[in-house]
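K.L.:
So I've got this file, input-v7.cif, and it contains mmCIF, N, CA, C and O atoms:
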```
data_run
#
loop_
_atom_site.label_atom_id
_atom_site.label_comp_id
_atom_site.auth_asym_id
_atom_site.auth_seq_id
_atom_site.Cartn_x
_atom_site.Cartn_y
_atom_site.Cartn_z
N MET Q 4 -29.36 18.56 -6.56
CA MET Q 4 -29.74 17.20 -6.25
C MET Q 4 -31.14 17.21 -5.64
O MET Q 4 -31.45 18.05 -4.81
N LEU Q 5 -31.94 16.27 -6.06
CA LEU Q 5 -33.29 16.16 -5.52
C LEU Q 5 -33.22 15.73 -4.06
O LEU Q 5 -32.40 14.87 -3.70
N PRO Q 6 -34.08 16.29 -3.21
CA PRO Q 6 -34.07 15.92 -1.78
C PRO Q 6 -34.26 14.41 -1.56
O PRO Q 6 -33.65 13.84 -0.65
N ILE Q 7 -35.09 13.76 -2.38
CA ILE Q 7 -35.33 12.32 -2.19
C ILE Q 7 -34.06 11.51 -2.45
O ILE Q 7 -33.81 10.51 -1.80
N VAL Q 8 -33.25 11.96 -3.40
CA VAL Q 8 -31.99 11.27 -3.69
C VAL Q 8 -31.06 11.37 -2.48
O VAL Q 8 -30.46 10.38 -2.05
N GLN Q 9 -30.95 12.56 -1.92
CA GLN Q 9 -30.11 12.74 -0.74
C GLN Q 9 -30.64 11.95 0.45
O GLN Q 9 -29.88 11.33 1.19
N LYS Q 10 -31.97 11.91 0.60
CA LYS Q 10 -32.57 11.15 1.70
C LYS Q 10 -32.23 9.68 1.59
O LYS Q 10 -31.85 9.03 2.57
N ARG Q 11 -32.37 9.12 0.38
CA ARG Q 11 -32.05 7.70 0.19
C ARG Q 11 -30.58 7.44 0.47
O ARG Q 11 -30.22 6.43 1.09
N ALA Q 12 -29.71 8.32 -0.01
CA ALA Q 12 -28.28 8.15 0.24
C ALA Q 12 -27.97 8.19 1.73
O ALA Q 12 -27.19 7.38 2.23
N ASP Q 13 -28.59 9.14 2.45
CA ASP Q 13 -28.39 9.24 3.89
C ASP Q 13 -28.87 7.98 4.61
O ASP Q 13 -28.19 7.47 5.50
N GLU Q 14 -30.04 7.47 4.21
CA GLU Q 14 -30.58 6.27 4.84
C GLU Q 14 -29.67 5.06 4.64
O GLU Q 14 -29.56 4.20 5.51
N MET Q 15 -29.03 4.98 3.48
CA MET Q 15 -28.17 3.84 3.17
C MET Q 15 -26.73 4.06 3.60
O MET Q 15 -25.90 3.16 3.49
N GLY Q 16 -26.42 5.28 4.07
CA GLY Q 16 -25.06 5.57 4.48
C GLY Q 16 -24.09 5.70 3.33
O GLY Q 16 -22.89 5.45 3.47
N ILE Q 17 -24.58 6.07 2.15
CA ILE Q 17 -23.74 6.23 0.97
C ILE Q 17 -23.29 7.68 0.89
O ILE Q 17 -24.13 8.59 0.88
N PRO Q 18 -21.99 7.93 0.82
CA PRO Q 18 -21.52 9.31 0.64
C PRO Q 18 -21.74 9.75 -0.80
O PRO Q 18 -20.87 9.64 -1.65
N LEU Q 19 -22.92 10.22 -1.08
CA LEU Q 19 -23.34 10.52 -2.44
C LEU Q 19 -22.41 11.50 -3.15
O LEU Q 19 -22.18 11.40 -4.34
N ALA Q 20 -21.83 12.41 -2.40
CA ALA Q 20 -20.92 13.38 -3.01
C ALA Q 20 -19.69 12.71 -3.61
O ALA Q 20 -19.05 13.26 -4.50
N GLU Q 21 -19.36 11.52 -3.14
CA GLU Q 21 -18.20 10.80 -3.66
C GLU Q 21 -18.50 10.00 -4.92
O GLU Q 21 -17.60 9.52 -5.59
N VAL Q 22 -19.77 9.83 -5.24
CA VAL Q 22 -20.15 9.05 -6.41
C VAL Q 22 -20.42 10.02 -7.55
O VAL Q 22 -21.38 10.76 -7.54
N SER Q 23 -19.56 9.98 -8.52
CA SER Q 23 -19.63 10.94 -9.62
C SER Q 23 -20.76 10.63 -10.59
O SER Q 23 -21.17 9.49 -10.77
N ASN Q 24 -21.25 11.66 -11.26
CA ASN Q 24 -22.22 11.49 -12.34
C ASN Q 24 -21.54 11.07 -13.63
O ASN Q 24 -22.21 10.72 -14.59
N ARG Q 25 -20.23 11.12 -13.67
CA ARG Q 25 -19.51 10.65 -14.85
C ARG Q 25 -19.54 9.12 -14.84
O ARG Q 25 -19.14 8.49 -13.87
N PRO Q 26 -20.02 8.53 -15.92
CA PRO Q 26 -20.26 7.07 -15.93
C PRO Q 26 -19.07 6.20 -15.52
O PRO Q 26 -19.22 5.30 -14.70
N LYS Q 27 -17.90 6.43 -16.07
CA LYS Q 27 -16.75 5.58 -15.74
C LYS Q 27 -16.29 5.82 -14.31
O LYS Q 27 -15.89 4.88 -13.62
N ALA Q 28 -16.35 7.05 -13.85
CA ALA Q 28 -15.96 7.35 -12.47
C ALA Q 28 -16.90 6.68 -11.49
O ALA Q 28 -16.47 6.19 -10.44
N ARG Q 29 -18.18 6.63 -11.82
CA ARG Q 29 -19.15 5.95 -10.95
C ARG Q 29 -18.80 4.46 -10.84
O ARG Q 29 -18.80 3.89 -9.76
N TRP Q 30 -18.52 3.83 -11.98
CA TRP Q 30 -18.17 2.41 -11.97
C TRP Q 30 -16.89 2.18 -11.16
O TRP Q 30 -16.79 1.24 -10.38
N ASN Q 31 -15.90 3.04 -11.36
CA ASN Q 31 -14.65 2.91 -10.61
C ASN Q 31 -14.89 3.02 -9.11
O ASN Q 31 -14.29 2.29 -8.32
N TRP Q 32 -15.78 3.91 -8.70
CA TRP Q 32 -16.10 4.05 -7.27
C TRP Q 32 -16.71 2.76 -6.74
O TRP Q 32 -16.35 2.28 -5.67
N ILE Q 33 -17.62 2.17 -7.50
CA ILE Q 33 -18.25 0.92 -7.08
C ILE Q 33 -17.21 -0.18 -6.93
O ILE Q 33 -17.16 -0.89 -5.92
N LYS Q 34 -16.35 -0.34 -7.93
CA LYS Q 34 -15.35 -1.42 -7.88
C LYS Q 34 -14.30 -1.19 -6.79
O LYS Q 34 -13.80 -2.14 -6.19
N GLU Q 35 -13.95 0.07 -6.53
CA GLU Q 35 -12.99 0.36 -5.46
C GLU Q 35 -13.59 0.06 -4.08
O GLU Q 35 -12.88 -0.40 -3.19
N ASN Q 36 -14.88 0.30 -3.92
CA ASN Q 36 -15.52 0.10 -2.63
C ASN Q 36 -16.05 -1.31 -2.43
O ASN Q 36 -16.27 -1.72 -1.29
N TYR Q 37 -16.24 -2.04 -3.50
CA TYR Q 37 -16.75 -3.41 -3.42
C TYR Q 37 -15.94 -4.30 -4.37
O TYR Q 37 -16.50 -4.91 -5.29
N PRO Q 38 -14.63 -4.41 -4.16
CA PRO Q 38 -13.76 -5.05 -5.15
C PRO Q 38 -13.99 -6.54 -5.35
O PRO Q 38 -13.78 -7.05 -6.44
N ASP Q 39 -14.41 -7.23 -4.32
CA ASP Q 39 -14.54 -8.69 -4.42
C ASP Q 39 -15.98 -9.15 -4.52
O ASP Q 39 -16.26 -10.32 -4.29
N MET Q 40 -16.87 -8.24 -4.85
CA MET Q 40 -18.28 -8.59 -4.85
C MET Q 40 -18.83 -8.66 -6.27
O MET Q 40 -18.38 -7.95 -7.16
N GLU Q 41 -19.79 -9.54 -6.45
CA GLU Q 41 -20.54 -9.57 -7.69
C GLU Q 41 -21.47 -8.36 -7.65
O GLU Q 41 -22.13 -8.12 -6.64
N ILE Q 42 -21.55 -7.62 -8.73
CA ILE Q 42 -22.31 -6.37 -8.75
C ILE Q 42 -23.63 -6.55 -9.48
O ILE Q 42 -23.66 -7.01 -10.63
N ILE Q 43 -24.70 -6.19 -8.79
CA ILE Q 43 -26.03 -6.09 -9.40
C ILE Q 43 -26.37 -4.61 -9.39
O ILE Q 43 -26.31 -3.96 -8.35
N TYR Q 44 -26.70 -4.07 -10.54
CA TYR Q 44 -26.93 -2.63 -10.68
C TYR Q 44 -28.29 -2.40 -11.31
O TYR Q 44 -28.66 -3.08 -12.26
N MET Q 45 -28.99 -1.43 -10.77
CA MET Q 45 -30.29 -1.05 -11.34
C MET Q 45 -30.28 0.45 -11.54
O MET Q 45 -29.94 1.21 -10.63
N GLY Q 46 -30.64 0.88 -12.73
CA GLY Q 46 -30.70 2.30 -13.01
C GLY Q 46 -31.49 2.58 -14.26
O GLY Q 46 -31.65 1.71 -15.11
N ASP Q 47 -31.96 3.81 -14.35
CA ASP Q 47 -32.70 4.21 -15.54
C ASP Q 47 -32.31 5.59 -16.04
O ASP Q 47 -32.93 6.16 -16.91
N GLY Q 48 -31.24 6.13 -15.46
CA GLY Q 48 -30.85 7.49 -15.79
C GLY Q 48 -29.91 7.58 -16.98
O GLY Q 48 -29.38 6.58 -17.48
N ILE Q 49 -29.67 8.79 -17.39
CA ILE Q 49 -28.84 9.06 -18.55
C ILE Q 49 -27.40 8.59 -18.37
O ILE Q 49 -26.74 8.21 -19.32
N PHE Q 50 -26.90 8.60 -17.13
CA PHE Q 50 -25.52 8.22 -16.87
C PHE Q 50 -25.35 6.78 -16.40
O PHE Q 50 -24.24 6.36 -16.08
N ASP Q 51 -26.42 6.01 -16.34
CA ASP Q 51 -26.35 4.65 -15.80
C ASP Q 51 -25.83 3.61 -16.79
O ASP Q 51 -25.49 2.50 -16.40
N TYR Q 52 -25.76 3.94 -18.06
CA TYR Q 52 -25.44 2.95 -19.09
C TYR Q 52 -24.12 2.21 -18.83
O TYR Q 52 -24.03 1.00 -19.03
N TYR Q 53 -23.10 2.91 -18.39
CA TYR Q 53 -21.79 2.28 -18.22
C TYR Q 53 -21.82 1.23 -17.12
O TYR Q 53 -21.31 0.11 -17.29
N CYS Q 54 -22.42 1.56 -16.00
CA CYS Q 54 -22.54 0.59 -14.90
C CYS Q 54 -23.43 -0.57 -15.29
O CYS Q 54 -23.16 -1.71 -14.91
N LEU Q 55 -24.48 -0.29 -16.05
CA LEU Q 55 -25.36 -1.36 -16.50
C LEU Q 55 -24.61 -2.35 -17.39
O LEU Q 55 -24.81 -3.56 -17.30
N GLU Q 56 -23.74 -1.83 -18.24
CA GLU Q 56 -22.94 -2.70 -19.11
C GLU Q 56 -21.93 -3.53 -18.33
O GLU Q 56 -21.69 -4.70 -18.63
N LYS Q 57 -21.31 -2.94 -17.32
CA LYS Q 57 -20.21 -3.58 -16.60
C LYS Q 57 -20.66 -4.53 -15.50
O LYS Q 57 -19.93 -5.47 -15.16
N ALA Q 58 -21.83 -4.32 -14.93
CA ALA Q 58 -22.29 -5.12 -13.80
C ALA Q 58 -22.51 -6.57 -14.20
O ALA Q 58 -22.78 -6.89 -15.36
N ASP Q 59 -22.41 -7.45 -13.22
CA ASP Q 59 -22.66 -8.87 -13.47
C ASP Q 59 -24.11 -9.09 -13.89
O ASP Q 59 -24.39 -9.87 -14.79
N TYR Q 60 -25.02 -8.43 -13.20
CA TYR Q 60 -26.43 -8.41 -13.57
C TYR Q 60 -26.88 -6.96 -13.51
O TYR Q 60 -26.48 -6.22 -12.60
N SER Q 61 -27.71 -6.57 -14.45
CA SER Q 61 -28.17 -5.19 -14.44
C SER Q 61 -29.62 -5.12 -14.93
O SER Q 61 -30.04 -5.89 -15.79
N PHE Q 62 -30.34 -4.18 -14.35
CA PHE Q 62 -31.76 -4.00 -14.63
C PHE Q 62 -32.05 -2.55 -14.95
O PHE Q 62 -31.46 -1.64 -14.37
N THR Q 63 -32.97 -2.36 -15.85
CA THR Q 63 -33.56 -1.05 -16.07
C THR Q 63 -35.05 -1.25 -16.33
O THR Q 63 -35.52 -2.38 -16.44
N VAL Q 64 -35.75 -0.15 -16.40
CA VAL Q 64 -37.21 -0.20 -16.56
C VAL Q 64 -37.60 -0.04 -18.02
O VAL Q 64 -36.82 0.46 -18.84
N VAL Q 65 -38.80 -0.44 -18.33
CA VAL Q 65 -39.27 -0.43 -19.71
C VAL Q 65 -39.36 0.99 -20.29
O VAL Q 65 -39.28 1.15 -21.50
N ASP Q 66 -39.47 2.00 -19.45
CA ASP Q 66 -39.56 3.37 -19.96
C ASP Q 66 -38.25 4.14 -19.82
O ASP Q 66 -38.23 5.36 -19.91
N ALA Q 67 -37.14 3.42 -19.66
CA ALA Q 67 -35.83 4.07 -19.61
C ALA Q 67 -35.43 4.54 -21.01
O ALA Q 67 -36.00 4.10 -22.02
N LEU Q 68 -34.45 5.40 -21.07
CA LEU Q 68 -33.92 5.87 -22.35
C LEU Q 68 -33.40 4.68 -23.16
O LEU Q 68 -32.95 3.68 -22.59
N ASP Q 69 -33.44 4.80 -24.47
CA ASP Q 69 -33.03 3.70 -25.34
C ASP Q 69 -31.61 3.23 -25.05
O ASP Q 69 -31.37 2.02 -24.96
N HIS Q 70 -30.66 4.14 -24.91
CA HIS Q 70 -29.27 3.70 -24.68
C HIS Q 70 -29.12 3.03 -23.31
O HIS Q 70 -28.26 2.17 -23.15
N THR Q 71 -29.97 3.39 -22.38
CA THR Q 71 -29.94 2.75 -21.06
C THR Q 71 -30.50 1.34 -21.17
O THR Q 71 -29.94 0.39 -20.61
N GLN Q 72 -31.59 1.18 -21.91
CA GLN Q 72 -32.15 -0.16 -22.11
C GLN Q 72 -31.17 -1.06 -22.85
O GLN Q 72 -31.03 -2.23 -22.53
N ASP Q 73 -30.49 -0.50 -23.85
CA ASP Q 73 -29.52 -1.29 -24.62
C ASP Q 73 -28.37 -1.80 -23.74
O ASP Q 73 -27.82 -2.86 -23.99
N ALA Q 74 -28.01 -1.04 -22.72
CA ALA Q 74 -26.89 -1.40 -21.86
C ALA Q 74 -27.26 -2.42 -20.79
O ALA Q 74 -26.41 -3.18 -20.33
N ALA Q 75 -28.52 -2.46 -20.39
CA ALA Q 75 -28.95 -3.36 -19.31
C ALA Q 75 -29.04 -4.80 -19.79
O ALA Q 75 -29.39 -5.06 -20.94
N LYS Q 76 -28.73 -5.70 -18.90
CA LYS Q 76 -28.87 -7.12 -19.23
C LYS Q 76 -30.32 -7.55 -19.18
O LYS Q 76 -30.74 -8.44 -19.90
N ILE Q 77 -31.12 -6.91 -18.31
CA ILE Q 77 -32.53 -7.24 -18.18
C ILE Q 77 -33.34 -5.95 -18.18
O ILE Q 77 -33.09 -5.06 -17.37
N VAL Q 78 -34.30 -5.86 -19.09
CA VAL Q 78 -35.25 -4.75 -19.10
C VAL Q 78 -36.53 -5.27 -18.46
O VAL Q 78 -37.14 -6.22 -18.95
N LEU Q 79 -36.89 -4.66 -17.36
CA LEU Q 79 -38.07 -5.09 -16.61
C LEU Q 79 -39.35 -4.71 -17.34
O LEU Q 79 -39.36 -3.79 -18.17
N ASP Q 80 -40.43 -5.40 -17.04
CA ASP Q 80 -41.72 -5.09 -17.64
C ASP Q 80 -42.35 -3.84 -17.06
O ASP Q 80 -43.15 -3.18 -17.70
N ARG Q 81 -41.97 -3.51 -15.84
CA ARG Q 81 -42.59 -2.36 -15.15
C ARG Q 81 -41.90 -1.06 -15.50
O ARG Q 81 -40.73 -1.03 -15.83
N ARG Q 82 -42.67 0.01 -15.36
CA ARG Q 82 -42.17 1.36 -15.58
C ARG Q 82 -41.55 1.88 -14.28
O ARG Q 82 -41.84 1.37 -13.20
N GLY Q 83 -40.71 2.89 -14.40
CA GLY Q 83 -40.13 3.51 -13.22
C GLY Q 83 -41.22 4.02 -12.30
O GLY Q 83 -42.20 4.60 -12.75
N GLY Q 84 -41.08 3.77 -11.00
CA GLY Q 84 -42.07 4.20 -10.03
C GLY Q 84 -43.27 3.28 -9.89
O GLY Q 84 -44.19 3.55 -9.13
N ASP Q 85 -43.27 2.16 -10.63
CA ASP Q 85 -44.39 1.23 -10.59
C ASP Q 85 -43.94 -0.14 -10.10
O ASP Q 85 -44.12 -1.15 -10.75
N ARG Q 86 -43.27 -0.15 -8.94
CA ARG Q 86 -42.80 -1.36 -8.29
C ARG Q 86 -41.76 -2.12 -9.13
O ARG Q 86 -41.66 -3.34 -9.08
N ALA Q 87 -40.96 -1.38 -9.88
CA ALA Q 87 -39.90 -1.99 -10.68
C ALA Q 87 -38.84 -2.62 -9.79
O ALA Q 87 -38.29 -3.67 -10.13
N VAL Q 88 -38.54 -2.01 -8.65
CA VAL Q 88 -37.55 -2.59 -7.74
C VAL Q 88 -38.05 -3.94 -7.22
O VAL Q 88 -37.28 -4.90 -7.12
N ALA Q 89 -39.33 -4.04 -6.94
CA ALA Q 89 -39.89 -5.32 -6.50
C ALA Q 89 -39.74 -6.37 -7.59
O ALA Q 89 -39.39 -7.53 -7.31
N GLU Q 90 -39.99 -5.98 -8.84
CA GLU Q 90 -39.82 -6.92 -9.95
C GLU Q 90 -38.36 -7.36 -10.06
O GLU Q 90 -38.08 -8.54 -10.27
N ALA Q 91 -37.44 -6.42 -9.89
CA ALA Q 91 -36.01 -6.77 -9.94
C ALA Q 91 -35.65 -7.75 -8.82
O ALA Q 91 -34.88 -8.68 -9.03
N CYS Q 92 -36.22 -7.54 -7.63
CA CYS Q 92 -35.96 -8.45 -6.50
C CYS Q 92 -36.43 -9.86 -6.83
O CYS Q 92 -35.76 -10.84 -6.50
N LEU Q 93 -37.58 -9.98 -7.45
CA LEU Q 93 -38.08 -11.29 -7.85
C LEU Q 93 -37.14 -11.93 -8.88
O LEU Q 93 -36.88 -13.14 -8.84
N GLU Q 94 -36.64 -11.13 -9.82
CA GLU Q 94 -35.69 -11.63 -10.82
C GLU Q 94 -34.40 -12.12 -10.14
O GLU Q 94 -33.88 -13.17 -10.49
N ILE Q 95 -33.90 -11.35 -9.19
CA ILE Q 95 -32.68 -11.74 -8.47
C ILE Q 95 -32.92 -13.03 -7.70
O ILE Q 95 -32.08 -13.92 -7.68
N ASN Q 96 -34.08 -13.14 -7.08
CA ASN Q 96 -34.46 -14.35 -6.36
C ASN Q 96 -34.37 -15.56 -7.29
O ASN Q 96 -33.84 -16.61 -6.93
N ASN Q 97 -34.87 -15.40 -8.51
CA ASN Q 97 -34.84 -16.49 -9.48
C ASN Q 97 -33.43 -16.74 -10.02
O ASN Q 97 -33.01 -17.89 -10.17
N LEU Q 98 -32.70 -15.67 -10.33
CA LEU Q 98 -31.35 -15.82 -10.87
C LEU Q 98 -30.43 -16.58 -9.93
O LEU Q 98 -29.65 -17.43 -10.35
N TYR Q 99 -30.53 -16.26 -8.66
CA TYR Q 99 -29.65 -16.87 -7.67
C TYR Q 99 -30.28 -18.05 -6.94
O TYR Q 99 -29.68 -18.60 -6.04
N GLU Q 100 -31.50 -18.39 -7.34
CA GLU Q 100 -32.22 -19.49 -6.71
C GLU Q 100 -32.21 -19.36 -5.19
O GLU Q 100 -31.92 -20.29 -4.45
N LEU Q 101 -32.52 -18.16 -4.73
CA LEU Q 101 -32.45 -17.85 -3.30
C LEU Q 101 -33.63 -18.40 -2.52
O LEU Q 101 -33.52 -18.65 -1.34
N GLU Q 102 -34.75 -18.54 -3.16
CA GLU Q 102 -35.97 -18.99 -2.51
C GLU Q 102 -36.38 -18.11 -1.34
O GLU Q 102 -36.97 -18.57 -0.38
N ILE Q 103 -36.02 -16.83 -1.44
CA ILE Q 103 -36.50 -15.87 -0.42
C ILE Q 103 -37.99 -15.68 -0.59
O ILE Q 103 -38.74 -15.63 0.38
N PHE Q 104 -38.41 -15.58 -1.84
CA PHE Q 104 -39.83 -15.47 -2.16
C PHE Q 104 -40.26 -16.78 -2.79
O PHE Q 104 -39.82 -17.12 -3.87
N LYS Q 105 -41.06 -17.51 -2.12
CA LYS Q 105 -41.56 -18.77 -2.66
C LYS Q 105 -42.89 -18.52 -3.37
O LYS Q 105 -43.58 -17.55 -3.09
N GLU Q 106 -43.23 -19.38 -4.28
CA GLU Q 106 -44.46 -19.24 -5.05
C GLU Q 106 -45.67 -19.04 -4.15
O GLU Q 106 -46.52 -18.21 -4.42
N ASP Q 107 -45.73 -19.79 -3.05
CA ASP Q 107 -46.87 -19.68 -2.13
C ASP Q 107 -46.95 -18.31 -1.49
O ASP Q 107 -48.05 -17.83 -1.16
N ASP Q 108 -45.81 -17.66 -1.30
CA ASP Q 108 -45.79 -16.33 -0.68
C ASP Q 108 -46.35 -15.26 -1.59
O ASP Q 108 -46.77 -14.20 -1.13
N LEU Q 109 -46.32 -15.51 -2.88
CA LEU Q 109 -46.68 -14.48 -3.86
C LEU Q 109 -48.12 -14.56 -4.34
O LEU Q 109 -48.55 -13.76 -5.14
N GLY Q 110 -48.83 -15.54 -3.86
CA GLY Q 110 -50.25 -15.63 -4.20
C GLY Q 110 -50.59 -16.29 -5.47
O GLY Q 110 -49.98 -16.75 -6.29
#
```
Do you think you could lay out the structure here as structure tokens?
P.N.:
Amino acid sequence: MLPIVQKRADEMGIPLAEVSNRPKARWNWIKENYPDMEIIYMGDGIFDYYCLEKADYSFTVVDALDHTQDAAKIVLDRRGGDRAVAEACLEINNLYELEIFKEDDLG
């Protein structure tokens, strides 16, 4: 496991060892831990396709693998590592009409 992945998991308090790389097992873990929640999923990895298909809303980046892009409900314009998470946040803001980011705030 890459150190940055473990660092992010530690910061978020996610027991990463419990989340399997097997696509269906990963989805089952999410649904068991968040059974009554609407799921928004973002991923670009080889094993993310199943969660991307099952989530209520799902995002991937423009340079993700083809099968990952096919599974996502929204393919972002940005590439991985190029503020794609920020773009997804703006999309979520619009989808849910949250008005967290107002037009005036964005310049």
K.L.:
Evaluated on this file, the PyMOL selection byres ((chain Q and resi 81-94) around 6) picks out some residues - which ones are they, written as a list in words?
P.N.:
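When the PyMOL selection byres ((chain Q and resi 81-94) around 6) is applied to the shown file, the picked residues are Thr63, Val64, Val65, Asp66, Leu79, Asp80, Ile95, Asn96, Asn97, Leu98 and Tyr99 of chain Q.
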K.L.:
Which residues, written as a PyMOL selection string, have at least one atom at most 6 Å from segment 45-47 of chain Q, with only C-alpha atoms counted and residues fewer than 3 positions away on the same chain left out?
P.N.:
chain Q and resi 51+61-63+67
K.L.:
So the first atom is atom CA of Ala28 of chain Q and the second is atom C of Ile77 of chain Q; what is the distance between them in Å, to one decimal place?
P.N.:
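Computing it gives 22.6 Å between the two atoms.
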K.L.:
Which one is closest to Ile42 of chain Q: Q:Ile7, Q:Ala58, Q:Leu101, Q:Leu68? Count only C-alpha atoms.
P.N.:
Q:Ala58
K.L.:
Hey, can you check how far atom O of Gln72 of chain Q sits from atom N of Arg29 of chain Q?
P.N.:
18.9 Å
K.L.:
Can you check which residues of chain Q DSSP gives as helix (DSSP H, G or I) on the backbone and send them as a PyMOL selection string?
P.N.:
chain Q and resi 6-15+19-21+26-36+52-57+69-74+87-98+106-109
K.L.:
Smallest atom-to-atom distance to Lys27 of chain Q: which of Q:Ala74, Q:Leu5, Q:Cys54, Q:Ile103, using all atoms listed in the file?
P.N.:
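Checking each of Q:Ala74, Q:Leu5, Q:Cys54, Q:Ile103 against Lys27 of chain Q, counting all atoms listed in the file, the winner is Q:Cys54.
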K.L.:
I need the residues of chain Q that end up classed as strand (DSSP E or B) by DSSP on the backbone, written out as a PyMOL selection string.
P.N.:
chain Q and resi 43-45+60-63+77-78
K.L.:
Give the centre and edge lengths of an axis-aligned box, in Å to one decimal, that holds all listed atoms of segment 59-62 of chain Q with 8 Å on each side, as JSON.
P.N.:
```
{"center_x": -27.2, "center_y": -5.8, "center_z": -14.2, "size_x": 25.6, "size_y": 24.2, "size_z": 19.2}
```
K.L.:
Can you work out the spacing between atom C of Arg25 of chain Q and atom O of His70 of chain Q in Å, to one decimal?
P.N.:
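These atoms are spaced 13.9 Å apart.
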K.L.:
What residues come out when you apply the PyMOL selection byres (((chain Q and resi 59 and name CA) around 9) and name CA) to this file, written as a PyMOL selection string?
P.N.:
chain Q and resi 41-44+55-58+60-61+76
K.L.:
Would you output that residue set with N, CA, C and O atoms, as a PDB file, keeping the file's coordinate frame?
P.N.:
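result37.pdb, written as the output of this step:
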```
ATOM      1  N   GLU Q  41     -19.790  -9.540  -6.450  1.00  0.00           N
ATOM      2  CA  GLU Q  41     -20.540  -9.570  -7.690  1.00  0.00           C
ATOM      3  C   GLU Q  41     -21.470  -8.360  -7.650  1.00  0.00           C
ATOM      4  O   GLU Q  41     -22.130  -8.120  -6.640  1.00  0.00           O
ATOM      5  N   ILE Q  42     -21.550  -7.620  -8.730  1.00  0.00           N
ATOM      6  CA  ILE Q  42     -22.310  -6.370  -8.750  1.00  0.00           C
ATOM      7  C   ILE Q  42     -23.630  -6.550  -9.480  1.00  0.00           C
ATOM      8  O   ILE Q  42     -23.660  -7.010 -10.630  1.00  0.00           O
ATOM      9  N   ILE Q  43     -24.700  -6.190  -8.790  1.00  0.00           N
ATOM     10  CA  ILE Q  43     -26.030  -6.090  -9.400  1.00  0.00           C
ATOM     11  C   ILE Q  43     -26.370  -4.610  -9.390  1.00  0.00           C
ATOM     12  O   ILE Q  43     -26.310  -3.960  -8.350  1.00  0.00           O
ATOM     13  N   TYR Q  44     -26.700  -4.070 -10.540  1.00  0.00           N
ATOM     14  CA  TYR Q  44     -26.930  -2.630 -10.680  1.00  0.00           C
ATOM     15  C   TYR Q  44     -28.290  -2.400 -11.310  1.00  0.00           C
ATOM     16  O   TYR Q  44     -28.660  -3.080 -12.260  1.00  0.00           O
ATOM     17  N   LEU Q  55     -24.480  -0.290 -16.050  1.00  0.00           N
ATOM     18  CA  LEU Q  55     -25.360  -1.360 -16.500  1.00  0.00           C
ATOM     19  C   LEU Q  55     -24.610  -2.350 -17.390  1.00  0.00           C
ATOM     20  O   LEU Q  55     -24.810  -3.560 -17.300  1.00  0.00           O
ATOM     21  N   GLU Q  56     -23.740  -1.830 -18.240  1.00  0.00           N
ATOM     22  CA  GLU Q  56     -22.940  -2.700 -19.110  1.00  0.00           C
ATOM     23  C   GLU Q  56     -21.930  -3.530 -18.330  1.00  0.00           C
ATOM     24  O   GLU Q  56     -21.690  -4.700 -18.630  1.00  0.00           O
ATOM     25  N   LYS Q  57     -21.310  -2.940 -17.320  1.00  0.00           N
ATOM     26  CA  LYS Q  57     -20.210  -3.580 -16.600  1.00  0.00           C
ATOM     27  C   LYS Q  57     -20.660  -4.530 -15.500  1.00  0.00           C
ATOM     28  O   LYS Q  57     -19.930  -5.470 -15.160  1.00  0.00           O
ATOM     29  N   ALA Q  58     -21.830  -4.320 -14.930  1.00  0.00           N
ATOM     30  CA  ALA Q  58     -22.290  -5.120 -13.800  1.00  0.00           C
ATOM     31  C   ALA Q  58     -22.510  -6.570 -14.200  1.00  0.00           C
ATOM     32  O   ALA Q  58     -22.780  -6.890 -15.360  1.00  0.00           O
ATOM     33  N   TYR Q  60     -25.020  -8.430 -13.200  1.00  0.00           N
ATOM     34  CA  TYR Q  60     -26.430  -8.410 -13.570  1.00  0.00           C
ATOM     35  C   TYR Q  60     -26.880  -6.960 -13.510  1.00  0.00           C
ATOM     36  O   TYR Q  60     -26.480  -6.220 -12.600  1.00  0.00           O
ATOM     37  N   SER Q  61     -27.710  -6.570 -14.450  1.00  0.00           N
ATOM     38  CA  SER Q  61     -28.170  -5.190 -14.440  1.00  0.00           C
ATOM     39  C   SER Q  61     -29.620  -5.120 -14.930  1.00  0.00           C
ATOM     40  O   SER Q  61     -30.040  -5.890 -15.790  1.00  0.00           O
ATOM     41  N   LYS Q  76     -28.730  -5.700 -18.900  1.00  0.00           N
ATOM     42  CA  LYS Q  76     -28.870  -7.120 -19.230  1.00  0.00           C
ATOM     43  C   LYS Q  76     -30.320  -7.550 -19.180  1.00  0.00           C
ATOM     44  O   LYS Q  76     -30.740  -8.440 -19.900  1.00  0.00           O
TER      45      LYS Q  76
END
```
K.L.:
Restricted to N, CA and C atoms, what does segment 39-45 of chain Q look like when written out as a compact mmCIF listing (two decimals), in the first residue's frame?
P.N.:
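The resulting file, selection-v9.txt, is reproduced below:
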```
# COMPACT_ATOMS: atom_id res chain seq x y z
N ASP Q 39 -28.16 3.63 5.43
CA ASP Q 39 -29.28 4.52 5.16
C ASP Q 39 -28.86 5.80 4.45
N MET Q 40 -27.68 5.79 3.88
CA MET Q 40 -27.17 7.02 3.28
C MET Q 40 -27.14 6.92 1.76
N GLU Q 41 -27.34 8.06 1.13
CA GLU Q 41 -27.14 8.15 -0.30
C GLU Q 41 -25.63 8.15 -0.52
N ILE Q 42 -25.15 7.37 -1.46
CA ILE Q 42 -23.71 7.20 -1.65
C ILE Q 42 -23.24 7.98 -2.87
N ILE Q 43 -22.23 8.81 -2.62
CA ILE Q 43 -21.49 9.49 -3.69
C ILE Q 43 -20.11 8.89 -3.68
N TYR Q 44 -19.66 8.39 -4.81
CA TYR Q 44 -18.39 7.67 -4.88
C TYR Q 44 -17.53 8.29 -5.97
N MET Q 45 -16.26 8.45 -5.66
CA MET Q 45 -15.32 8.96 -6.66
C MET Q 45 -14.14 8.01 -6.70
```
